[in-house]
file protein38.txt (compact mmCIF, C-alpha atoms)
# COMPACT_ATOMS: atom_id res chain seq x y z
CA MET F 1 133.91 93.45 75.09
CA ASN F 2 133.61 90.15 73.31
CA ALA F 3 135.72 90.39 70.21
CA GLY F 4 133.73 91.07 67.09
CA THR F 5 130.33 90.97 68.74
CA GLY F 6 129.78 94.49 70.04
CA ARG F 7 128.25 93.12 73.21
CA ARG F 8 128.54 94.74 76.60
CA PRO F 9 131.13 93.27 78.93
CA GLY F 10 129.76 91.00 81.60
CA TYR F 11 126.59 90.20 79.75
CA HIS F 12 126.16 87.68 77.03
CA HIS F 13 122.65 86.98 75.79
CA ARG F 14 123.53 83.40 74.96
CA GLY F 15 124.31 82.63 78.57
CA ARG F 16 121.98 84.80 80.62
CA ILE F 17 118.66 86.54 80.79
CA PHE F 18 118.77 89.60 82.99
CA GLU F 19 115.64 91.59 83.78
CA GLN F 20 115.21 94.38 86.28
CA ASP F 21 112.36 96.66 87.26
CA ASP F 22 112.16 99.51 89.75
CA PHE F 23 108.46 100.06 89.02
CA ILE F 24 109.18 103.69 88.25
CA SER F 25 107.63 103.61 84.80
CA GLY F 26 104.58 102.01 83.25
CA ASN F 27 101.08 102.39 84.61
CA ALA F 28 98.58 100.53 86.77
CA THR F 29 96.91 98.61 83.96
CA SER F 30 97.53 94.89 83.81
CA GLY F 31 100.02 94.21 81.02
CA SER F 32 101.49 97.70 81.25
CA ALA F 33 102.74 97.81 84.84
CA GLY F 34 106.38 98.61 85.40
CA LYS F 35 108.82 98.76 82.54
CA LEU F 36 108.47 95.01 82.02
CA GLY F 37 104.69 95.09 81.53
CA TRP F 38 103.65 93.01 84.53
CA ILE F 39 100.34 91.18 84.60
CA CYS F 40 98.18 92.24 87.56
CA THR F 41 95.16 89.96 87.53
CA GLY F 42 92.56 90.13 90.30
CA GLY F 43 91.81 93.00 92.66
CA THR F 44 93.13 96.45 91.85
CA THR F 45 96.51 97.97 91.13
CA SER F 46 97.76 101.44 91.89
CA ILE F 47 101.00 103.35 91.73
CA ILE F 48 101.62 104.94 95.09
CA ALA F 49 103.92 107.79 96.01
CA GLY F 50 107.58 106.97 96.10
CA GLU F 51 109.47 106.92 99.36
CA ALA F 52 113.05 107.66 100.30
CA ASP F 53 115.28 105.36 98.25
CA ARG F 54 112.17 103.67 96.86
CA PHE F 55 111.16 105.81 93.93
CA GLY F 56 108.68 103.51 92.25
CA ILE F 57 106.14 101.44 94.19
CA LEU F 58 103.39 99.29 92.71
CA ARG F 59 100.53 98.31 95.03
CA ARG F 60 98.41 95.19 94.56
CA ASP F 61 95.12 95.24 96.45
CA THR F 62 92.69 92.35 96.74
CA SER F 63 89.75 94.76 97.22
CA ALA F 64 87.08 93.74 99.70
CA THR F 65 85.74 90.89 97.60
CA GLN F 66 86.56 87.72 99.49
CA ASN F 67 88.67 85.02 97.82
CA THR F 68 90.35 87.47 95.48
CA ILE F 69 93.80 86.41 94.31
CA ALA F 70 95.66 89.58 93.42
CA GLN F 71 98.67 88.41 91.49
CA LEU F 72 101.69 90.09 90.00
CA LEU F 73 103.17 88.14 87.16
CA LEU F 74 105.99 88.66 84.70
CA GLY F 75 105.40 87.31 81.24
CA PHE F 76 101.65 87.00 80.78
CA THR F 77 100.47 83.47 81.47
CA SER F 78 103.20 81.53 79.70
CA SER F 79 105.73 79.97 82.01
CA ASN F 80 109.14 81.06 80.93
CA ILE F 81 111.83 80.02 83.35
CA ASP F 82 113.34 76.57 83.64
CA PRO F 83 113.91 75.96 87.38
CA ALA F 84 116.60 73.44 86.56
CA LYS F 85 118.84 76.32 85.46
CA PRO F 86 120.97 78.38 87.83
CA LEU F 87 119.10 81.54 88.66
CA SER F 88 118.68 84.37 91.09
CA VAL F 89 115.40 86.22 91.58
CA ILE F 90 115.02 89.20 93.91
CA PHE F 91 111.89 91.01 95.01
CA GLU F 92 111.77 93.93 97.43
CA ALA F 93 108.26 94.02 98.82
CA ARG F 94 106.20 95.13 101.79
CA LEU F 95 103.13 93.46 103.21
CA ASN F 96 100.81 96.17 104.49
CA THR F 97 98.26 93.86 106.08
CA ASN F 98 100.20 91.59 108.39
CA ASP F 99 97.33 89.76 110.09
CA ASN F 100 95.81 86.32 110.49
CA ALA F 101 93.60 86.67 107.42
CA THR F 102 96.22 87.34 104.75
CA THR F 103 98.06 84.81 102.62
CA ILE F 104 100.95 85.95 100.48
CA ARG F 105 103.58 84.27 98.31
CA ILE F 106 106.52 85.85 96.50
CA GLY F 107 108.98 84.18 94.15
CA LEU F 108 108.43 81.86 91.20
CA ALA F 109 105.37 79.76 90.43
CA ASN F 110 103.14 78.05 87.96
CA ALA F 111 100.80 79.63 88.55
CA PHE F 112 100.17 82.49 90.93
CA SER F 113 96.58 82.55 89.71
CA ASN F 114 96.02 79.53 91.97
CA ASN F 115 96.05 79.42 95.77
CA PRO F 116 98.36 77.63 96.29
CA PRO F 117 100.23 77.33 92.99
CA THR F 118 100.69 73.77 91.76
CA HIS F 119 104.42 74.30 91.24
CA GLY F 120 106.62 76.92 92.80
CA ILE F 121 109.67 78.18 94.61
CA TYR F 122 108.62 80.97 96.90
CA PHE F 123 108.42 82.72 100.25
CA GLU F 124 105.09 82.12 101.91
CA LYS F 125 102.95 83.46 104.71
CA LEU F 126 99.70 81.61 105.27
CA ASP F 127 96.89 83.23 107.23
CA ALA F 128 98.05 82.01 110.65
CA ASP F 129 101.79 82.34 110.05
CA THR F 130 103.75 85.02 111.83
CA ASN F 131 107.06 84.06 110.21
CA TRP F 132 108.01 83.74 106.57
CA PHE F 133 108.25 80.17 105.32
CA VAL F 134 110.40 79.00 102.42
CA VAL F 135 108.77 76.53 100.04
CA THR F 136 109.50 74.35 97.08
CA ARG F 137 106.43 72.69 95.66
CA ALA F 138 106.14 70.35 92.69
CA ALA F 139 102.94 68.88 91.25
CA GLY F 140 101.07 69.92 94.37
CA VAL F 141 103.51 68.22 96.74
CA GLN F 142 105.60 70.10 99.31
CA THR F 143 106.11 67.39 101.91
CA GLY F 144 109.27 68.21 103.82
CA SER F 145 109.98 71.28 101.74
CA ARG F 146 108.13 73.98 103.63
CA THR F 147 110.22 75.30 106.47
CA ASP F 148 110.16 78.24 108.82
CA SER F 149 112.68 80.93 107.94
CA GLY F 150 112.71 82.20 111.51
CA VAL F 151 112.17 85.70 110.20
CA ALA F 152 109.07 87.45 111.45
CA VAL F 153 106.65 88.92 108.94
CA SER F 154 106.50 92.68 109.25
CA THR F 155 105.05 95.67 107.46
CA SER F 156 108.48 96.94 106.44
CA PHE F 157 110.09 96.43 103.08
CA ALA F 158 112.19 93.27 102.89
CA ARG F 159 114.49 91.87 100.22
CA PHE F 160 113.50 88.36 99.17
CA GLN F 161 116.04 86.45 97.12
CA ILE F 162 115.84 82.95 95.68
CA VAL F 163 119.00 81.34 94.36
CA ARG F 164 118.88 78.10 92.41
CA ASN F 165 122.17 76.24 92.35
CA ALA F 166 123.40 72.73 91.80
CA ALA F 167 122.63 71.72 95.39
CA GLY F 168 119.05 72.98 95.46
CA VAL F 169 117.48 76.31 96.35
CA ASP F 170 118.76 78.90 98.81
CA PHE F 171 116.43 81.51 100.28
CA TYR F 172 117.65 84.88 101.56
CA ILE F 173 115.82 87.65 103.41
CA ASN F 174 117.67 90.94 103.58
CA ASP F 175 120.80 89.18 102.35
CA VAL F 176 120.78 86.59 105.15
CA LEU F 177 120.44 82.91 104.26
CA VAL F 178 117.23 81.78 105.97
CA GLY F 179 116.54 78.41 104.41
CA GLN F 180 117.49 75.79 101.87
CA GLN F 181 115.41 73.22 100.02
CA THR F 182 116.47 70.22 98.00
CA ALA F 183 113.19 68.32 97.63
CA ASN F 184 110.14 68.99 95.48
CA ILE F 185 111.92 71.41 93.19
CA PRO F 186 109.62 71.90 90.22
CA THR F 187 110.56 70.74 86.76
CA ILE F 188 107.68 72.67 85.18
CA PHE F 189 108.65 76.10 83.90
CA LEU F 190 107.84 78.97 86.25
CA ASN F 191 107.28 82.70 86.15
CA PRO F 192 108.45 85.32 88.63
CA GLY F 193 105.76 87.07 90.61
CA GLY F 194 103.62 86.87 93.68
CA HIS F 195 100.11 87.02 94.97
CA ILE F 196 98.10 88.11 97.98
CA VAL F 197 94.84 86.43 98.95
CA ASN F 198 91.95 87.39 101.24
CA ALA F 199 90.35 83.97 101.44
CA THR F 200 88.89 84.17 104.93
CA VAL F 201 87.51 87.68 105.20
CA ALA F 202 85.90 90.17 102.84
CA ALA F 203 88.48 92.88 103.48
CA ALA F 204 91.14 94.50 101.37
CA LYS F 205 94.70 93.21 101.74
CA THR F 206 97.62 94.94 100.08
CA VAL F 207 101.24 94.37 99.17
CA ASP F 208 103.72 96.87 97.71
CA TYR F 209 106.42 95.95 95.21
CA ASP F 210 109.43 98.23 94.94
CA TYR F 211 111.98 96.19 93.00
CA PHE F 212 112.48 93.07 90.92
CA GLU F 213 115.59 91.51 89.52
CA GLY F 214 115.93 88.23 87.69
CA ASP F 215 119.23 86.77 86.56
CA ILE F 216 118.62 83.44 84.86
CA GLY F 217 121.17 81.18 83.33
CA ILE F 218 120.49 79.81 79.86
CA THR F 219 122.28 78.23 76.95
CA ARG F 220 121.30 79.37 73.48
CA MET N 221 79.64 115.42 84.28
CA PRO N 222 80.94 111.91 84.96
CA LYS N 223 83.48 111.60 87.69
CA VAL N 224 84.72 108.10 86.96
CA PHE N 225 86.37 107.24 83.65
CA LEU N 226 86.93 103.69 82.51
CA THR N 227 89.03 102.44 79.62
CA THR N 228 89.52 98.80 78.76
CA GLY N 229 92.72 97.24 77.47
CA HIS N 230 93.77 94.19 75.51
CA VAL N 231 92.13 90.93 76.48
CA TYR N 232 94.42 88.06 77.44
CA LEU N 233 94.14 84.51 78.74
CA ASP N 234 94.95 83.50 82.30
CA GLY N 235 94.97 79.75 81.82
CA ASN N 236 91.64 79.27 80.07
CA GLN N 237 90.11 82.38 81.62
CA PRO N 238 89.78 85.45 79.37
CA ILE N 239 90.78 88.56 81.27
CA ILE N 240 90.05 92.17 80.35
CA PRO N 241 92.38 94.70 81.97
CA TYR N 242 91.09 98.20 82.56
CA ALA N 243 92.16 101.54 83.93
CA VAL N 244 89.99 103.79 86.07
CA VAL N 245 90.45 107.46 86.84
CA VAL N 246 88.31 109.12 89.49
CA ILE N 247 88.26 112.90 89.41
CA GLY N 248 87.85 114.20 92.90
CA PRO N 249 88.21 115.48 95.23
CA PRO N 250 89.76 113.20 96.15
CA GLY N 251 91.06 112.13 92.77
CA HIS N 252 92.80 108.84 92.25
CA SER N 253 93.44 106.18 89.66
CA TYR N 254 93.89 102.48 89.64
CA GLY N 255 93.93 99.45 87.39
CA GLY N 256 91.86 96.30 87.58
CA THR N 257 90.90 93.20 85.67
CA TYR N 258 87.58 91.64 84.80
CA ALA N 259 87.25 87.89 84.32
CA LEU N 260 84.84 87.29 81.46
CA ASP N 261 81.95 85.00 82.41
CA PRO N 262 81.24 82.74 79.42
CA SER N 263 77.74 82.02 80.73
CA LEU N 264 76.77 85.66 80.31
CA SER N 265 76.01 87.56 77.13
CA GLN N 266 78.39 90.24 75.93
CA ASP N 267 76.08 92.97 77.22
CA ASP N 268 75.71 91.32 80.61
CA ASN N 269 79.48 90.87 80.87
CA MET N 270 79.90 94.57 80.22
CA ILE N 271 77.28 95.39 82.81
CA ALA N 272 79.02 93.13 85.30
CA LEU N 273 82.29 94.90 84.52
CA TRP N 274 80.64 98.22 85.31
CA GLN N 275 79.23 96.81 88.53
CA GLN N 276 82.71 95.76 89.55
CA VAL N 277 84.14 99.20 88.78
CA VAL N 278 81.35 100.98 90.66
CA ALA N 279 81.97 98.76 93.69
CA GLN N 280 85.74 99.28 93.59
CA ALA N 281 85.52 103.03 93.07
CA THR N 282 83.12 103.27 95.98
CA GLU N 283 85.38 101.13 98.16
CA LYS N 284 88.29 103.41 97.42
CA GLY N 285 86.41 106.48 98.51
CA GLY N 286 83.15 108.25 97.86
CA SER N 287 79.78 107.05 96.68
CA VAL N 288 79.68 106.15 93.02
CA VAL N 289 76.68 105.13 90.89
CA ALA N 290 76.55 104.07 87.27
CA ALA N 291 75.56 107.58 86.17
CA ASP N 292 78.95 108.77 87.42
CA LEU N 293 80.80 106.52 84.99
CA ALA N 294 81.91 107.22 81.46
CA GLY N 295 83.23 104.21 79.62
CA PHE N 296 85.56 104.24 76.65
CA GLY N 297 85.61 100.93 74.86
CA THR N 298 82.60 99.69 76.83
CA LYS N 299 78.88 100.30 76.44
CA SER N 300 77.15 102.84 78.62
CA VAL N 301 75.11 101.29 81.37
CA THR N 302 72.30 102.76 83.41
CA ASP N 303 71.52 102.11 87.04
CA ALA N 304 68.34 100.37 85.90
CA GLU N 305 70.33 97.97 83.75
CA LEU N 306 72.64 97.19 86.64
CA GLY N 307 69.58 96.38 88.70
CA GLN N 308 68.23 94.08 85.99
CA VAL N 309 71.35 91.97 86.07
CA ILE N 310 71.05 91.54 89.80
CA VAL N 311 67.40 90.52 89.47
CA LYS N 312 68.30 88.11 86.69
CA ALA N 313 71.08 86.57 88.78
CA ALA N 314 68.72 86.18 91.72
CA ARG N 315 66.12 84.49 89.53
CA GLU N 316 68.66 82.05 88.16
CA THR N 317 69.81 81.09 91.63
CA GLU N 318 66.29 80.01 92.49
CA GLU N 319 66.82 77.29 89.90
CA GLN N 320 70.32 76.57 91.17
CA PRO N 321 70.20 76.58 94.97
CA SER N 322 73.91 75.83 95.25
CA LEU N 323 74.65 79.27 93.89
CA MET N 324 72.21 81.11 96.11
CA ALA N 325 74.56 81.86 98.97
CA ARG N 326 77.22 83.22 96.67
CA THR N 327 74.77 85.41 94.80
CA LEU N 328 73.19 86.74 97.97
CA THR N 329 76.64 87.68 99.21
CA ALA N 330 77.32 89.48 95.95
CA ILE N 331 74.02 91.33 96.15
CA LYS N 332 74.69 92.36 99.73
CA GLU N 333 78.12 93.64 98.77
CA TRP N 334 76.64 95.48 95.82
CA TRP N 335 73.93 97.23 97.76
CA GLY N 336 76.10 97.75 100.82
call {"tool": "encode", "arguments": {"input": "protein38.txt", "output": "C-alpha cells"}}
result
Amino acid sequence: MNAGTGRRPGYHHRGRIFEQDDFISGNATSGSAGKLGWICTGGTTSIIAGEADRFGILRRDTSATQNTIAQLLLGFTSSNIDPAKPLSVIFEARLNTNDNATTIRIGLANAFSNNPPTHGIYFEKLDADTNWFVVTRAAGVQTGSRTDSGVAVSTSFARFQIVRNAAGVDFYINDVLVGQQTANIPTIFLNPGGHIVNATVAAAKTVDYDYFEGDIGITR
Amino acid sequence: MPKVFLTTGHVYLDGNQPIIPYAVVVIGPPGHSYGGTYALDPSLSQDDNMIALWQQVVAQATEKGGSVVAADLAGFGTKSVTDAELGQVIVKAARETEEQPSLMARTLTAIKEWWG
C-alpha cells in the first residue's frame, strides 16, 4: 500500500484508469447496460442467457431496418481517452451474422455513431471481408493503416485487444499479435466501443459482448 | 390487457442528435424484453415523434416474434396512441413526400416495412 494514502497496491488513480465489465449486471436500456452504463444507440439491445464461462452477455441487434448502426459505447457521447497515452483495451465478442452483408468494428473510435468513424483504432470487418482487419484512422484517413490480420472471422467468441505503446498500436486476437500500425493514429480523444451495421440489406445483424477491460495510462 | 409495455428513459445527445432510450417488455408466450433508442426528429411535432416512437416499437416487437398492434401497447412516460393515429402519420408522411420527391423512395420503403 502506498504509505499514508490508503490506496490499493498496484493501482494508483493518478497514473491509471482501470475499467472492467462482465455485462452481468445492468439492463438492456441504453445508458444502463452493464455495470458501466453503456450507451446502446440504434437497433435493439437484449441480455441473453449466459453460457459456460461467459456469465453475462449483451446482444446488440441492428433490427431489420436497413442502414441501422447499432453501437455500443462507453461514456455517453463525450470522447474520453487520449490515444497518445499508453493503453490496453480488451473486448471479448462474438459476431453472430458472419456474412457478406455485415460490417462490424470493435475497439476505440470517435465516433461509432458514424460508418466509418472519422477517427479510430479498431478491428474491422467490412461486408465483403472474411478476415479481421486492423485499422488506425485519423481525420478520415487510413491510407496504409488498414491491414489484414490473417485471422478468419467466425461466429465464435474472440478476444480482441488493442495496445497503444510508444512505437504505435499492437493488435491481438486471442492473445496472438496479428498486426501493428504506426500511421494515422488519431490525436482526437476516443471512446471504447463498437458497432454493427446492416447497410446493404434490410435484415437483422447481431453481435454479442461478453467482456470489456480498459487500462489507460494517465497523469493527474 | 396490453401485452407490450414501454417505458422511456433519460434523453441524451449523440452528437447533435437527441436520443430517447427505452425499455420494452413483451409478456408472452413467448415473453421477452429488450432495449432500444429513438432518434428524435426535429421536423416532427412532439405528438408525432411519440407516435413514430410507438411505430418503431410495434415494428420491433413484431420482428422479434408475434403480431403486435398499437392496441397491444401500454406506454409509461409516453402518450397512448391508437392504430388510427399511427395510420394518420403514415398518410401525412406520404403526402409530404409528394412535395419532396427525393424522399419518396425512403418513405415508401418505410411504409412497406410498416405494413409488412
call {"tool": "interface_residues", "arguments": {"input": "protein38.txt", "of": "chain F", "to": "chain N", "cutoff": "6 Å", "atoms": "all atoms listed in the file", "output": "list in words"}}
result
Ala28, Thr29, Ser30, Thr41, Gly42, Thr44, Thr45, Ser46 and Thr77 of chain F
call {"tool": "closest_residue", "arguments": {"input": "protein38.txt", "among": "N:Pro250, N:Phe296, N:Lys223, N:Leu260", "to": "N:Gln237", "atoms": "all atoms listed in the file"}}
result
N:Leu260
call {"tool": "closest_residue", "arguments": {"input": "protein38.txt", "among": "F:Asn27, F:Thr130, F:Gln161, F:Ser154", "to": "F:Leu87", "atoms": "only C-alpha atoms"}}
result
F:Gln161
call {"tool": "atom_distance", "arguments": {"input": "protein38.txt", "atom1": "atom CA of F:Thr136", "atom2": "atom CA of F:Gln181"}}
result
6.7 Å
call {"tool": "atom_distance", "arguments": {"input": "protein38.txt", "atom1": "atom CA of F:Asp22", "atom2": "atom CA of F:Gln71"}}
result
17.6 Å
call {"tool": "build_atoms", "arguments": {"input": "protein38.txt", "residues": "stretch 20-31 of chain F", "atoms": "all heavy atoms", "output": "PDB file, in the frame of the given file"}}
result
ATOM      1  N   GLN F  20     115.214  93.574  85.060  1.00  0.00           N
ATOM      2  CA  GLN F  20     115.210  94.380  86.280  1.00  0.00           C
ATOM      3  C   GLN F  20     114.086  95.398  86.168  1.00  0.00           C
ATOM      4  O   GLN F  20     113.779  95.898  85.085  1.00  0.00           O
ATOM      5  CB  GLN F  20     116.578  95.071  86.426  1.00  0.00           C
ATOM      6  CG  GLN F  20     116.734  95.986  87.611  1.00  0.00           C
ATOM      7  CD  GLN F  20     116.353  97.421  87.293  1.00  0.00           C
ATOM      8  OE1 GLN F  20     116.173  97.778  86.143  1.00  0.00           O
ATOM      9  NE2 GLN F  20     116.201  98.220  88.321  1.00  0.00           N
ATOM     10  N   ASP F  21     113.448  95.676  87.285  1.00  0.00           N
ATOM     11  CA  ASP F  21     112.360  96.660  87.260  1.00  0.00           C
ATOM     12  C   ASP F  21     112.297  97.377  88.600  1.00  0.00           C
ATOM     13  O   ASP F  21     112.224  96.737  89.656  1.00  0.00           O
ATOM     14  CB  ASP F  21     111.025  95.959  86.986  1.00  0.00           C
ATOM     15  CG  ASP F  21     110.000  96.905  86.373  1.00  0.00           C
ATOM     16  OD1 ASP F  21     110.065  98.119  86.658  1.00  0.00           O
ATOM     17  OD2 ASP F  21     109.147  96.422  85.611  1.00  0.00           O
ATOM     18  N   ASP F  22     112.309  98.695  88.541  1.00  0.00           N
ATOM     19  CA  ASP F  22     112.160  99.510  89.750  1.00  0.00           C
ATOM     20  C   ASP F  22     110.726  99.990  89.925  1.00  0.00           C
ATOM     21  O   ASP F  22     110.431 100.712  90.876  1.00  0.00           O
ATOM     22  CB  ASP F  22     113.093 100.727  89.686  1.00  0.00           C
ATOM     23  CG  ASP F  22     114.451 100.438  90.284  1.00  0.00           C
ATOM     24  OD1 ASP F  22     114.512 100.234  91.506  1.00  0.00           O
ATOM     25  OD2 ASP F  22     115.435 100.389  89.538  1.00  0.00           O
ATOM     26  N   PHE F  23     109.869  99.639  88.992  1.00  0.00           N
ATOM     27  CA  PHE F  23     108.460 100.060  89.020  1.00  0.00           C
ATOM     28  C   PHE F  23     108.324 101.591  89.020  1.00  0.00           C
ATOM     29  O   PHE F  23     107.390 102.134  89.611  1.00  0.00           O
ATOM     30  CB  PHE F  23     107.720  99.438  90.211  1.00  0.00           C
ATOM     31  CG  PHE F  23     107.703  97.934  90.163  1.00  0.00           C
ATOM     32  CD1 PHE F  23     108.524  97.189  90.978  1.00  0.00           C
ATOM     33  CD2 PHE F  23     106.885  97.266  89.273  1.00  0.00           C
ATOM     34  CE1 PHE F  23     108.540  95.799  90.929  1.00  0.00           C
ATOM     35  CE2 PHE F  23     106.888  95.873  89.196  1.00  0.00           C
ATOM     36  CZ  PHE F  23     107.703  95.145  90.031  1.00  0.00           C
ATOM     37  N   ILE F  24     109.265 102.237  88.384  1.00  0.00           N
ATOM     38  CA  ILE F  24     109.180 103.690  88.250  1.00  0.00           C
ATOM     39  C   ILE F  24     108.287 104.065  87.078  1.00  0.00           C
ATOM     40  O   ILE F  24     107.530 105.033  87.138  1.00  0.00           O
ATOM     41  CB  ILE F  24     110.594 104.296  88.060  1.00  0.00           C
ATOM     42  CG1 ILE F  24     111.423 104.112  89.332  1.00  0.00           C
ATOM     43  CG2 ILE F  24     110.520 105.762  87.668  1.00  0.00           C
ATOM     44  CD1 ILE F  24     112.861 104.557  89.195  1.00  0.00           C
ATOM     45  N   SER F  25     108.365 103.273  86.018  1.00  0.00           N
ATOM     46  CA  SER F  25     107.630 103.610  84.800  1.00  0.00           C
ATOM     47  C   SER F  25     106.426 102.691  84.637  1.00  0.00           C
ATOM     48  O   SER F  25     106.105 101.893  85.512  1.00  0.00           O
ATOM     49  CB  SER F  25     108.567 103.507  83.596  1.00  0.00           C
ATOM     50  OG  SER F  25     109.129 102.210  83.543  1.00  0.00           O
ATOM     51  N   GLY F  26     105.774 102.792  83.492  1.00  0.00           N
ATOM     52  CA  GLY F  26     104.580 102.010  83.250  1.00  0.00           C
ATOM     53  C   GLY F  26     103.375 102.617  83.950  1.00  0.00           C
ATOM     54  O   GLY F  26     103.432 103.730  84.474  1.00  0.00           O
ATOM     55  N   ASN F  27     102.277 101.898  83.942  1.00  0.00           N
ATOM     56  CA  ASN F  27     101.080 102.390  84.610  1.00  0.00           C
ATOM     57  C   ASN F  27     100.432 101.260  85.404  1.00  0.00           C
ATOM     58  O   ASN F  27     101.039 100.206  85.596  1.00  0.00           O
ATOM     59  CB  ASN F  27     100.109 103.025  83.611  1.00  0.00           C
ATOM     60  CG  ASN F  27      99.685 102.047  82.541  1.00  0.00           C
ATOM     61  OD1 ASN F  27      99.385 100.885  82.825  1.00  0.00           O
ATOM     62  ND2 ASN F  27      99.657 102.495  81.290  1.00  0.00           N
ATOM     63  N   ALA F  28      99.214 101.487  85.870  1.00  0.00           N
ATOM     64  CA  ALA F  28      98.580 100.530  86.770  1.00  0.00           C
ATOM     65  C   ALA F  28      97.684  99.523  86.044  1.00  0.00           C
ATOM     66  O   ALA F  28      96.966  98.768  86.680  1.00  0.00           O
ATOM     67  CB  ALA F  28      97.773 101.271  87.831  1.00  0.00           C
ATOM     68  N   THR F  29      97.751  99.532  84.720  1.00  0.00           N
ATOM     69  CA  THR F  29      96.910  98.610  83.960  1.00  0.00           C
ATOM     70  C   THR F  29      97.634  97.285  83.747  1.00  0.00           C
ATOM     71  O   THR F  29      98.803  97.275  83.367  1.00  0.00           O
ATOM     72  CB  THR F  29      96.549  99.215  82.596  1.00  0.00           C
ATOM     73  OG1 THR F  29      95.957 100.490  82.798  1.00  0.00           O
ATOM     74  CG2 THR F  29      95.573  98.318  81.852  1.00  0.00           C
ATOM     75  N   SER F  30      96.935  96.198  83.996  1.00  0.00           N
ATOM     76  CA  SER F  30      97.530  94.890  83.810  1.00  0.00           C
ATOM     77  C   SER F  30      98.098  94.760  82.403  1.00  0.00           C
ATOM     78  O   SER F  30      97.431  95.065  81.419  1.00  0.00           O
ATOM     79  CB  SER F  30      96.477  93.796  84.042  1.00  0.00           C
ATOM     80  OG  SER F  30      97.051  92.524  83.915  1.00  0.00           O
ATOM     81  N   GLY F  31      99.339  94.319  82.297  1.00  0.00           N
ATOM     82  CA  GLY F  31     100.020  94.210  81.020  1.00  0.00           C
ATOM     83  C   GLY F  31     100.880  95.413  80.696  1.00  0.00           C
ATOM     84  O   GLY F  31     101.688  95.371  79.763  1.00  0.00           O
TER      85      GLY F  31
END
